[in-house]
$ cat target14.txt   # compact mmCIF, C-alpha atoms
# COMPACT_ATOMS: atom_id res chain seq x y z
CA THR A 1 0.00 0.00 0.00
CA ALA A 2 0.96 3.67 -0.25
CA VAL A 3 1.32 3.80 3.54
CA THR A 4 3.83 0.95 3.80
CA ARG A 5 5.73 2.21 0.75
CA SER A 6 6.02 5.65 2.36
CA LEU A 7 7.23 3.97 5.54
CA GLN A 8 9.94 2.08 3.67
CA GLU A 9 11.11 5.31 2.02
CA MET A 10 11.76 7.02 5.36
CA PRO A 11 15.48 7.85 5.75
CA ARG A 12 17.57 5.64 8.02
CA ASP A 13 21.06 7.00 7.42
CA THR A 14 21.65 8.56 10.84
CA PRO A 15 20.90 7.14 14.31
CA LEU A 16 18.13 9.73 14.71
CA ASP A 17 16.59 8.85 11.35
CA SER A 18 16.74 5.16 12.26
CA ARG A 19 14.95 5.78 15.57
CA ARG A 20 12.25 7.76 13.80
CA TYR A 21 11.78 5.02 11.22
CA HIS A 22 11.60 2.19 13.74
CA ARG A 23 9.25 4.10 16.02
CA THR A 24 6.91 4.99 13.15
CA ARG A 25 6.96 1.39 11.95
CA TRP A 26 6.21 0.08 15.45
CA ILE A 27 3.29 2.46 16.04
CA LEU A 28 1.80 1.62 12.64
CA PHE A 29 1.89 -2.13 13.13
CA LEU A 30 1.05 -2.04 16.83
CA LEU A 31 -2.18 -0.17 16.11
CA TYR A 32 -2.99 -2.24 13.04
CA LEU A 33 -2.26 -5.64 14.61
CA SER A 34 -3.80 -5.01 18.05
CA GLY A 35 -6.69 -2.59 17.54
CA MET A 36 -5.60 -0.65 20.62
CA ARG A 37 -6.87 2.84 21.37
CA ARG A 38 -4.27 5.61 21.40
CA SER A 39 -4.74 6.14 25.13
CA GLU A 40 -4.19 2.42 25.71
CA VAL A 41 -0.90 2.50 23.79
CA VAL A 42 0.34 5.52 25.74
CA ASN A 43 -0.53 4.00 29.12
CA ALA A 44 0.56 0.39 28.54
CA ARG A 45 3.93 -1.03 29.59
CA MET A 46 6.17 -3.52 27.81
CA ASN A 47 5.41 -6.22 30.39
CA ALA A 48 1.80 -6.14 29.18
CA PHE A 49 3.06 -8.72 26.66
CA VAL A 50 2.75 -12.06 28.45
CA TRP A 51 3.01 -15.77 27.74
CA GLN A 52 -0.01 -17.80 28.89
CA PRO A 53 -0.97 -21.44 28.45
CA GLU A 54 -3.40 -20.36 25.72
CA GLY A 55 -0.73 -18.39 23.87
CA ARG A 56 0.82 -14.92 23.75
CA MET A 57 -1.40 -12.11 24.99
CA LEU A 58 -1.27 -8.34 25.33
CA LYS A 59 -2.97 -7.09 28.50
CA VAL A 60 -4.73 -3.77 27.98
CA LEU A 61 -6.43 -1.43 30.44
CA GLY A 62 -9.28 0.07 28.45
CA LYS A 63 -12.21 2.39 29.00
CA GLY A 64 -13.61 2.36 32.51
CA ARG A 65 -10.31 0.80 33.62
CA LYS A 66 -11.53 -2.56 32.34
CA GLU A 67 -8.75 -5.01 31.57
CA ARG A 68 -8.86 -7.18 28.47
CA GLU A 69 -6.44 -9.51 26.71
CA ILE A 70 -5.66 -9.26 23.01
CA PRO A 71 -4.19 -12.29 21.22
CA VAL A 72 -0.71 -11.51 19.94
CA THR A 73 -0.07 -12.72 16.40
CA ILE A 74 3.28 -13.95 15.11
CA ARG A 75 3.46 -10.80 12.96
CA LEU A 76 3.07 -8.59 16.02
CA VAL A 77 5.77 -10.59 17.84
CA GLN A 78 8.08 -9.97 14.88
CA GLU A 79 7.38 -6.23 14.85
CA LEU A 80 7.87 -6.04 18.62
CA GLY A 81 11.24 -7.73 18.26
CA ILE A 82 12.32 -5.40 15.44
CA TYR A 83 11.42 -2.33 17.47
CA ARG A 84 13.00 -3.51 20.71
CA GLU A 85 16.22 -4.62 19.00
CA SER A 86 16.46 -1.16 17.40
CA LEU A 87 16.60 0.16 20.98
CA GLY A 88 19.22 -2.36 22.05
CA LEU A 89 16.71 -4.45 24.01
CA SER A 90 15.87 -8.15 23.99
CA PRO A 91 13.24 -9.14 21.37
CA TRP A 92 10.66 -10.11 24.01
CA PRO A 93 10.18 -8.16 27.28
CA ASP A 94 10.46 -9.95 30.58
CA ILE A 95 8.00 -9.54 33.42
CA GLY A 96 10.11 -6.83 35.05
CA ASP A 97 10.24 -4.62 31.96
CA ASP A 98 7.93 -1.72 32.80
CA GLY A 99 9.19 0.54 30.02
CA PRO A 100 6.60 2.20 27.75
CA LEU A 101 5.26 0.46 24.66
CA VAL A 102 6.52 3.37 22.58
CA TRP A 103 9.53 5.37 23.72
CA ARG A 104 9.68 9.07 22.98
CA ILE A 105 12.69 10.47 21.16
CA THR A 106 14.28 12.90 23.60
CA GLY A 107 14.27 16.48 22.42
CA LEU A 108 11.76 15.91 19.61
CA ASP A 109 8.49 15.06 21.33
CA VAL A 110 7.90 18.19 23.35
CA GLU A 111 4.10 17.94 23.54
CA ASP A 112 2.20 15.74 25.92
CA ASP A 113 5.09 13.49 26.89
CA SER A 114 4.48 11.17 29.79
CA PRO A 115 7.01 11.52 32.64
CA ASP A 116 8.42 8.03 32.13
CA HIS A 117 9.76 8.91 28.66
CA GLY A 118 6.94 7.22 26.80
CA ILE A 119 5.34 8.95 23.83
CA GLY A 120 2.21 11.01 24.48
CA ILE A 121 -1.01 11.05 22.48
CA ALA A 122 -0.23 14.30 20.62
CA PRO A 123 3.19 13.15 19.33
CA LEU A 124 1.73 9.73 18.46
CA ASN A 125 -0.98 11.42 16.40
CA ARG A 126 1.63 13.58 14.68
CA VAL A 127 3.83 10.60 13.78
CA MET A 128 0.93 8.83 12.08
CA LYS A 129 -0.43 11.96 10.40
CA ASP A 130 3.02 12.61 8.91
CA LEU A 131 3.09 9.07 7.52
CA PHE A 132 -0.43 9.32 6.11
CA SER A 133 0.40 12.70 4.54
CA ALA A 134 3.47 11.21 2.86
CA ALA A 135 1.30 8.40 1.51
CA ALA A 136 -1.25 10.97 0.27
CA ASP A 137 1.49 12.84 -1.60
CA ARG A 138 2.46 9.57 -3.26
CA MET A 139 -1.15 8.91 -4.37
CA MET A 140 -2.08 12.43 -5.47
CA ALA A 141 -1.26 11.99 -9.15
CA SER A 142 -2.69 8.50 -9.62
CA ASP A 143 -5.67 8.57 -7.24
CA PRO A 144 -6.65 12.02 -5.87
CA GLY A 145 -9.68 10.56 -4.10
CA MET A 146 -7.58 8.10 -2.13
CA ALA A 147 -5.04 10.83 -1.42
CA GLY A 148 -7.82 12.91 0.12
CA GLN A 149 -8.89 9.99 2.31
CA LEU A 150 -5.32 9.47 3.49
CA ARG A 151 -5.02 13.12 4.51
CA ARG A 152 -8.13 12.76 6.67
CA MET A 153 -6.98 9.56 8.36
CA SER A 154 -6.00 9.43 12.02
CA PRO A 155 -4.46 6.65 14.12
CA HIS A 156 -7.99 5.62 15.11
CA TRP A 157 -8.51 4.50 11.51
CA LEU A 158 -6.12 1.61 12.19
CA ARG A 159 -8.38 0.43 15.03
CA HIS A 160 -11.31 0.40 12.62
CA THR A 161 -9.19 -1.49 10.10
CA TYR A 162 -8.31 -4.10 12.73
CA GLY A 163 -11.97 -4.72 13.55
CA THR A 164 -12.98 -4.87 9.91
CA GLU A 165 -10.18 -7.31 9.08
CA LEU A 166 -11.21 -9.64 11.91
CA LEU A 167 -14.77 -9.85 10.60
CA ALA A 168 -13.65 -10.08 6.98
CA HIS A 169 -11.62 -13.18 7.85
CA GLY A 170 -14.53 -14.95 9.50
CA GLU A 171 -14.17 -14.03 13.18
CA SER A 172 -17.38 -13.72 15.16
CA LEU A 173 -18.75 -10.44 16.46
CA GLU A 174 -18.10 -11.71 19.98
CA VAL A 175 -14.37 -12.26 19.31
CA ALA A 176 -14.06 -8.83 17.70
CA GLN A 177 -15.92 -7.27 20.63
CA ASP A 178 -13.58 -8.91 23.16
CA ASN A 179 -10.43 -7.92 21.26
CA LEU A 180 -11.55 -4.33 20.75
CA GLY A 181 -12.98 -3.88 24.24
CA HIS A 182 -16.40 -2.65 23.15
CA GLU A 183 -18.95 -2.32 25.92
CA SER A 184 -21.81 -3.14 23.53
CA ILE A 185 -21.77 -5.63 20.69
CA ASN A 186 -23.84 -3.12 18.72
CA THR A 187 -20.68 -0.98 18.44
CA THR A 188 -18.82 -3.97 17.02
CA ARG A 189 -21.67 -4.59 14.61
CA LEU A 190 -20.80 -1.30 12.88
CA TYR A 191 -17.60 -2.92 11.60
CA SER A 192 -19.70 -5.52 9.84
CA GLN A 193 -21.48 -2.69 8.05
CA VAL A 194 -18.13 -1.20 7.04
CA LYS A 195 -17.11 -4.57 5.64
CA THR A 196 -20.32 -4.74 3.59
CA GLN A 197 -19.81 -1.19 2.29
CA HIS A 198 -16.29 -2.13 1.23
CA ARG A 199 -17.60 -5.21 -0.62
CA VAL A 200 -20.15 -3.09 -2.45
CA LYS A 201 -17.55 -0.51 -3.51
CA THR A 202 -14.93 -3.03 -4.61
CA THR A 203 -17.48 -5.09 -6.56
CA GLU A 204 -18.73 -1.95 -8.28
CA LYS A 205 -15.17 -0.94 -9.17
CA ALA A 206 -14.33 -4.41 -10.51
CA PHE A 207 -17.11 -4.31 -13.10
CA ALA A 208 -17.14 -0.57 -13.86
CA GLY A 209 -15.63 -1.13 -17.28
CA MET A 210 -18.28 -3.60 -18.44
CA ILE A 211 -20.80 -0.97 -19.56
CA LEU A 212 -21.21 -0.69 -23.32
CA PRO A 213 -22.26 2.52 -25.09
CA LYS A 214 -25.83 2.70 -26.40

$ encode --input "target14.txt" --output "C-alpha cells"
Amino acid sequence: TAVTRSLQEMPRDTPLDSRRYHRTRWILFLLYLSGMRRSEVVNARMNAFVWQPEGRMLKVLGKGRKEREIPVTIRLVQELGIYRESLGLSPWPDIGDDGPLVWRITGLDVEDDSPDHGIGIAPLNRVMKDLFSAAADRMMASDPGMAGQLRRMSPHWLRHTYGTELLAHGESLEVAQDNLGHESINTTRLYSQVKTQHRVKTTEKAFAGMILPK
C-alpha cells in the first residue's frame, strides 16, 4: 500500500533517522495488529506482553479501567522484536520490563510526553499523520480521491481497520468485541457494516468497465 511504501522510504542513514523510522513502523503495526486505542498505547507497559498457556497475549487497560487480553499474532511478535532490537533491548520483554510500549525520542516530542519517557497522544498522532500525509502525496497523481482519504486519516482509523479485518476473515462479532474492548456488541456490529460497504464498492469498481455505449 501507499502507507507501507512511504514507511519504507523514510530515511535511516543517521541514528536519529533510524529511531524515527523504527518508532513509526512500530506504532503503525502495533495499532494495526492489536486494535488498541491511542490512550491504551500511551498508558501500557512492555510487560503487558505475556506468555499464557493459551498463547501470547497483550494485556490492555481500556475504558472504565476494564482489563482485556488481546491475542498476539506472530506478525506482532516480529514487529515487537524489530522495534526492541532497534533500541538495544531483547526481542521479548520480561515480566520486570515496565518501560513504555513506545519510547519518545528525547528532544523531539515536546508535547504531551508522559514523565516516564513514553510517547504522548499528541506526538503519536503527529507521527501517524506525517506518515499518512506522505502516503497521500504519493497517491495524489494517480488517485486524488484516495489521497484525500489518506489526509483525513487518524491513528484511530487503524483500530477500525483491525476490527474490519477480523470480521472479513470470519471471526465472530463476539471475538471482535472482546479484542476491541467494546462495551456493547452493537458498536462492534458497525464494523460488519463497514465490511459490507467495502464489498459493495470493490465489486462496483471491478465491473465498472463492463458498460457498453448505447

$ closest_residue --input "target14.txt" --among "A:Gly163, A:Gly35, A:Pro123, A:Gly81" --to "His22 (chain A)" --atoms "only C-alpha atoms"
A:Gly81

$ atom_distance --input "target14.txt" --atom1 "CA of Thr73 (chain A)" --atom2 "CA of Met128 (chain A)"
22.0 Å

$ residues_around --input "target14.txt" --residues "Ser86 (chain A)" --least-positions-apart "5" --cutoff "10 Å" --atoms "only C-alpha atoms" --output "JSON, numbers by chain"
{"A": [15, 18, 19, 21, 22, 23, 80, 81, 91]}

$ residues_around --input "target14.txt" --residues "Glu9 (chain A)" --least-positions-apart "4" --cutoff "12 Å" --atoms "all atoms listed in the file" --output "list in words"
Ala2, Val3, Thr4, Arg5, Asp13, Asp17, Ser18, Tyr21, Thr24, Arg25, Leu131, Ala134, Ala135 and Arg138 of chain A

$ residues_around --input "target14.txt" --residues "region 102-106 of chain A" --least-positions-apart "2" --cutoff "10 Å" --atoms "all atoms listed in the file" --output "NGL selection string"
:A and (16 or 19-20 or 23-24 or 26-27 or 30 or 41-46 or 83-84 or 87 or 99-100 or 108-110 or 113-114 or 116-120 or 123-124)

$ closest_residue --input "target14.txt" --among "A:Glu54, A:Asp130, A:Glu79, A:Glu67" --to "Pro155 (chain A)" --atoms "all atoms listed in the file"
A:Asp130

$ residues_around --input "target14.txt" --residues "region 37-40 of chain A" --least-positions-apart "3" --cutoff "7 Å" --atoms "only C-alpha atoms" --output "PyMOL selection string"
chain A and resi 43-44+60-62+121+156+159

$ atom_distance --input "target14.txt" --atom1 "CA of Met146 (chain A)" --atom2 "CA of Thr1 (chain A)"
11.3 Å

$ atom_distance --input "target14.txt" --atom1 "CA of Ala168 (chain A)" --atom2 "CA of Ile70 (chain A)"
17.9 Å

$ closest_residue --input "target14.txt" --among "A:Asp98, A:Leu180, A:Arg12, A:Tyr32" --to "Arg68 (chain A)" --atoms "all atoms listed in the file"
A:Leu180

$ build_atoms --input "target14.txt" --residues "region 11-37 of chain A" --atoms "N, CA and C atoms" --output "PDB file, in the coordinates of the input"
ATOM      1  N   PRO A  11      14.018   7.964   5.643  1.00  0.00           N
ATOM      2  CA  PRO A  11      15.480   7.850   5.750  1.00  0.00           C
ATOM      3  C   PRO A  11      15.898   7.107   7.012  1.00  0.00           C
ATOM      4  N   ARG A  12      17.028   6.380   6.886  1.00  0.00           N
ATOM      5  CA  ARG A  12      17.570   5.640   8.020  1.00  0.00           C
ATOM      6  C   ARG A  12      19.080   5.778   8.116  1.00  0.00           C
ATOM      7  N   ASP A  13      19.611   6.839   7.528  1.00  0.00           N
ATOM      8  CA  ASP A  13      21.060   7.000   7.420  1.00  0.00           C
ATOM      9  C   ASP A  13      21.732   7.345   8.742  1.00  0.00           C
ATOM     10  N   THR A  14      21.070   8.146   9.567  1.00  0.00           N
ATOM     11  CA  THR A  14      21.650   8.560  10.840  1.00  0.00           C
ATOM     12  C   THR A  14      20.956   7.817  11.982  1.00  0.00           C
ATOM     13  N   PRO A  15      21.567   7.775  13.159  1.00  0.00           N
ATOM     14  CA  PRO A  15      20.900   7.140  14.310  1.00  0.00           C
ATOM     15  C   PRO A  15      19.532   7.759  14.605  1.00  0.00           C
ATOM     16  N   LEU A  16      19.403   9.083  14.470  1.00  0.00           N
ATOM     17  CA  LEU A  16      18.130   9.730  14.710  1.00  0.00           C
ATOM     18  C   LEU A  16      17.095   9.317  13.676  1.00  0.00           C
ATOM     19  N   ASP A  17      17.495   9.295  12.403  1.00  0.00           N
ATOM     20  CA  ASP A  17      16.590   8.850  11.350  1.00  0.00           C
ATOM     21  C   ASP A  17      16.136   7.414  11.586  1.00  0.00           C
ATOM     22  N   SER A  18      17.069   6.570  12.005  1.00  0.00           N
ATOM     23  CA  SER A  18      16.740   5.160  12.260  1.00  0.00           C
ATOM     24  C   SER A  18      15.730   5.037  13.390  1.00  0.00           C
ATOM     25  N   ARG A  19      15.902   5.833  14.454  1.00  0.00           N
ATOM     26  CA  ARG A  19      14.950   5.780  15.570  1.00  0.00           C
ATOM     27  C   ARG A  19      13.571   6.240  15.122  1.00  0.00           C
ATOM     28  N   ARG A  20      13.543   7.277  14.298  1.00  0.00           N
ATOM     29  CA  ARG A  20      12.250   7.760  13.800  1.00  0.00           C
ATOM     30  C   ARG A  20      11.560   6.691  12.954  1.00  0.00           C
ATOM     31  N   TYR A  21      12.336   6.059  12.073  1.00  0.00           N
ATOM     32  CA  TYR A  21      11.780   5.020  11.220  1.00  0.00           C
ATOM     33  C   TYR A  21      11.218   3.867  12.051  1.00  0.00           C
ATOM     34  N   HIS A  22      12.034   3.350  12.965  1.00  0.00           N
ATOM     35  CA  HIS A  22      11.600   2.190  13.740  1.00  0.00           C
ATOM     36  C   HIS A  22      10.416   2.525  14.643  1.00  0.00           C
ATOM     37  N   ARG A  23      10.380   3.727  15.192  1.00  0.00           N
ATOM     38  CA  ARG A  23       9.250   4.100  16.020  1.00  0.00           C
ATOM     39  C   ARG A  23       7.978   4.225  15.186  1.00  0.00           C
ATOM     40  N   THR A  24       8.076   4.860  14.026  1.00  0.00           N
ATOM     41  CA  THR A  24       6.910   4.990  13.150  1.00  0.00           C
ATOM     42  C   THR A  24       6.403   3.619  12.726  1.00  0.00           C
ATOM     43  N   ARG A  25       7.332   2.744  12.352  1.00  0.00           N
ATOM     44  CA  ARG A  25       6.960   1.390  11.950  1.00  0.00           C
ATOM     45  C   ARG A  25       6.248   0.657  13.095  1.00  0.00           C
ATOM     46  N   TRP A  26       6.792   0.768  14.304  1.00  0.00           N
ATOM     47  CA  TRP A  26       6.210   0.080  15.450  1.00  0.00           C
ATOM     48  C   TRP A  26       4.810   0.596  15.760  1.00  0.00           C
ATOM     49  N   ILE A  27       4.625   1.904  15.760  1.00  0.00           N
ATOM     50  CA  ILE A  27       3.290   2.460  16.040  1.00  0.00           C
ATOM     51  C   ILE A  27       2.293   1.987  14.995  1.00  0.00           C
ATOM     52  N   LEU A  28       2.692   2.042  13.722  1.00  0.00           N
ATOM     53  CA  LEU A  28       1.800   1.620  12.640  1.00  0.00           C
ATOM     54  C   LEU A  28       1.322   0.192  12.842  1.00  0.00           C
ATOM     55  N   PHE A  29       2.274  -0.725  13.041  1.00  0.00           N
ATOM     56  CA  PHE A  29       1.890  -2.130  13.130  1.00  0.00           C
ATOM     57  C   PHE A  29       1.287  -2.491  14.486  1.00  0.00           C
ATOM     58  N   LEU A  30       1.679  -1.800  15.533  1.00  0.00           N
ATOM     59  CA  LEU A  30       1.050  -2.040  16.830  1.00  0.00           C
ATOM     60  C   LEU A  30      -0.433  -1.713  16.781  1.00  0.00           C
ATOM     61  N   LEU A  31      -0.770  -0.558  16.215  1.00  0.00           N
ATOM     62  CA  LEU A  31      -2.180  -0.170  16.110  1.00  0.00           C
ATOM     63  C   LEU A  31      -2.930  -1.098  15.168  1.00  0.00           C
ATOM     64  N   TYR A  32      -2.320  -1.421  14.046  1.00  0.00           N
ATOM     65  CA  TYR A  32      -2.990  -2.240  13.040  1.00  0.00           C
ATOM     66  C   TYR A  32      -3.179  -3.683  13.495  1.00  0.00           C
ATOM     67  N   LEU A  33      -2.219  -4.220  14.237  1.00  0.00           N
ATOM     68  CA  LEU A  33      -2.260  -5.640  14.610  1.00  0.00           C
ATOM     69  C   LEU A  33      -2.850  -5.895  15.997  1.00  0.00           C
ATOM     70  N   SER A  34      -3.213  -4.823  16.716  1.00  0.00           N
ATOM     71  CA  SER A  34      -3.800  -5.010  18.050  1.00  0.00           C
ATOM     72  C   SER A  34      -5.161  -4.339  18.202  1.00  0.00           C
ATOM     73  N   GLY A  35      -5.433  -3.321  17.391  1.00  0.00           N
ATOM     74  CA  GLY A  35      -6.690  -2.590  17.540  1.00  0.00           C
ATOM     75  C   GLY A  35      -6.758  -1.736  18.779  1.00  0.00           C
ATOM     76  N   MET A  36      -5.613  -1.436  19.376  1.00  0.00           N
ATOM     77  CA  MET A  36      -5.600  -0.650  20.620  1.00  0.00           C
ATOM     78  C   MET A  36      -6.012   0.799  20.364  1.00  0.00           C
ATOM     79  N   ARG A  37      -6.610   1.400  21.383  1.00  0.00           N
ATOM     80  CA  ARG A  37      -6.870   2.840  21.370  1.00  0.00           C
ATOM     81  C   ARG A  37      -5.555   3.568  21.627  1.00  0.00           C
TER      82      ARG A  37
END
